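What follows is a set of notes on a single structure, which appears directly below.
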Amino acid sequence: MTEFKKVNENSELSGIIRSKPEDFQVDEIPSFKPSGQGEHVWLHIQKTAENTDWVAGQLAKIADVPRRDVSFAGMKDRNAVTTQWFSVQMPGREAPDWQKFLPESIQVLAEKRHDRKLRRGTLQGNRFNILIRDFKGSEDELKASIERIRQQGIPNYYGKQRFGRGGFNVQKAEQWFKGEFKVKGRQKRSIYLSAARSWIFNHVLSERVKNGNWNQPLDGDVFMLDGTQSCFSEAIDDTIIQRVAQLDIHPSGVLWGRGRPGSQGKVAEIEQKIAARFPVLCEGLERYGLKQERKSLRLIVKNLAFAMMPEKQQVSLRFTLPSGAFATSVLNEIGAFSSTVEE
């Protein structure tokens, strides 16, 4: 599978992640709290080594409702200990004793009613606490890497899990677009479309990283205001340069679809060059109705901290990411950390 260009290519830091589910902890940060009244039962759940969609299916069975009546804000890592909210639509019905029917790997931490279902993307972000075992490398290099990320962020790559093992999801998307098979089910359709779009974006970003301008304003850039989806185009001047340096705005890359990408000049040349490498993916994304959008090329990692345990050859990392960002992208910019499980 393609390895995308890293800023910190020469890092000598290494170690093992995900030796145990508890080595990778993720806590969802909701954008609001349930009101306490309504037809939707909201459940705050901790799951260990379980798939988010599978948990949703179990809740649907227990509540005796269609799977579509159970929702969540975002998928969480399977090979981890994670907490997140689910909602179950149960108008006029008492909620069952959830824990009675759930395995020990799924714990209900809280239960509240609300008048609306939980929709995808309705969260501020996620807090991560990651343990690296068999850590090799100097503390000075680790400190320098952490400080560099604090100061300039990291390339905002989609993680390998978006593409499936060995890029399987991208391969299936291409076969689907070529008419070699039909996709059954909205979920698989969404997975393949997202994989194709993310693949093109990562290649655009990798090209900018290779050229050293992923975090610098370039002629024709569309800028994105930090922490939002708000975009604008403007000629590069001292103000733009300063705002990029202060992490207030970021260059963005194309999320392929119908319409014009909005970029011009050198940026448009880069994006068109990458698109030309994947004509089947681009044509398929357009044919299935996706519209041109933008995504920040730079990811700001908040609350980044570490603790070394040299006697155990371990390091713990803590940080917060916005919704849709990947912890693996942070780890990749710190060192070469291998996983005991398939991403």
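Identifiers in the structure tokens: chain A, B, ... in order shown; residue index from 1 per chain; ligand index from 1 in order shown.
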
- Tell me which protein, DNA and RNA residues are within 8 Å of Pro91 (chain A), counting only C-alpha atoms, leaving out same-chain ones fewer than 6 positions away, and put them as an MDAnalysis selection string. chainID A and resid 38:40

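Considering only region 99-205 of chain A, backbone DSSP assigns strand (DSSP E) to Ile106, Gln107, Val108, Leu109, Ala110, Glu111, Lys112, Arg113, His114, Leu123, Gln124, Gly125, Asn126, Arg127, Phe128, Asn129, Ile130, Leu131, Ile132, Arg133, Asp134, Phe135, Lys136, Ile154 and Pro155 of chain A.
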
Go ahead and save the residues from that selection, with C-alpha atoms, as a CSV table (one decimal), in the first residue's frame.
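Result file follows (result.csv):
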```csv
chain,number,residue,atom,x,y,z
A,106,ILE,CA,-19.8,-3.3,26.6
A,107,GLN,CA,-20.6,-1.2,29.7
A,108,VAL,CA,-23.4,1.4,29.9
A,109,LEU,CA,-22.0,4.4,31.8
A,110,ALA,CA,-25.0,6.7,31.6
A,111,GLU,CA,-28.6,6.8,30.2
A,112,LYS,CA,-30.6,9.8,29.3
A,113,ARG,CA,-33.6,10.8,27.1
A,114,HIS,CA,-33.4,13.4,24.3
A,123,LEU,CA,-19.2,15.8,18.3
A,124,GLN,CA,-16.4,18.2,19.1
A,125,GLY,CA,-13.6,15.6,18.8
A,126,ASN,CA,-11.9,12.8,20.7
A,127,ARG,CA,-9.4,12.6,23.5
A,128,PHE,CA,-6.7,9.9,23.1
A,129,ASN,CA,-4.5,8.2,25.7
A,130,ILE,CA,-2.0,5.9,23.9
A,131,LEU,CA,0.6,3.6,25.5
A,132,ILE,CA,3.7,2.8,23.4
A,133,ARG,CA,5.5,-0.4,24.5
A,134,ASP,CA,9.1,-1.5,23.7
A,135,PHE,CA,9.9,2.2,23.1
A,136,LYS,CA,13.3,2.9,21.5
A,154,ILE,CA,0.9,17.8,11.3
A,155,PRO,CA,-0.2,16.8,7.7
```

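Using only C-alpha atoms, the smallest distance between any of A:Gln264, A:Ser206, A:Ser198, A:Ser233 and Gly164 (chain A) comes from A:Ser198.
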
- Item | Close residues, Lys273 (chain A) itself excluded, 12 Å, only C-alpha atoms, min 4 positions apart in chain, as a PyMOL selection string | chain A and resi 200+203-204+207+266-269+277-279

Restricting the output to C-alpha atoms, write the selected residues as a PDB file, in the first residue's frame.
```pdb
ATOM      1  CA  ILE A 200      -7.044  11.401  -3.816  1.00  0.00           C
ATOM      2  CA  HIS A 203      -1.982  12.067  -2.601  1.00  0.00           C
ATOM      3  CA  VAL A 204      -2.517  15.816  -2.988  1.00  0.00           C
ATOM      4  CA  GLU A 207       2.730  16.070  -2.929  1.00  0.00           C
ATOM      5  CA  LYS A 266       0.077  26.329  -8.725  1.00  0.00           C
ATOM      6  CA  VAL A 267      -2.386  24.679  -6.348  1.00  0.00           C
ATOM      7  CA  ALA A 268      -4.824  23.909  -9.162  1.00  0.00           C
ATOM      8  CA  GLU A 269      -1.953  22.444 -11.197  1.00  0.00           C
ATOM      9  CA  ARG A 277      -3.532   9.792 -12.016  1.00  0.00           C
ATOM     10  CA  PHE A 278      -6.903   8.486 -10.799  1.00  0.00           C
ATOM     11  CA  PRO A 279      -9.418   9.119 -13.600  1.00  0.00           C
TER      12      PRO A 279
END
```

- Note on the structure: Residue with the minimum atom-to-atom distance to Met90 (chain A), picked from A:Arg197, A:Arg78, A:Lys117, A:Lys291 with only C-alpha atoms counted, is A:Lys117
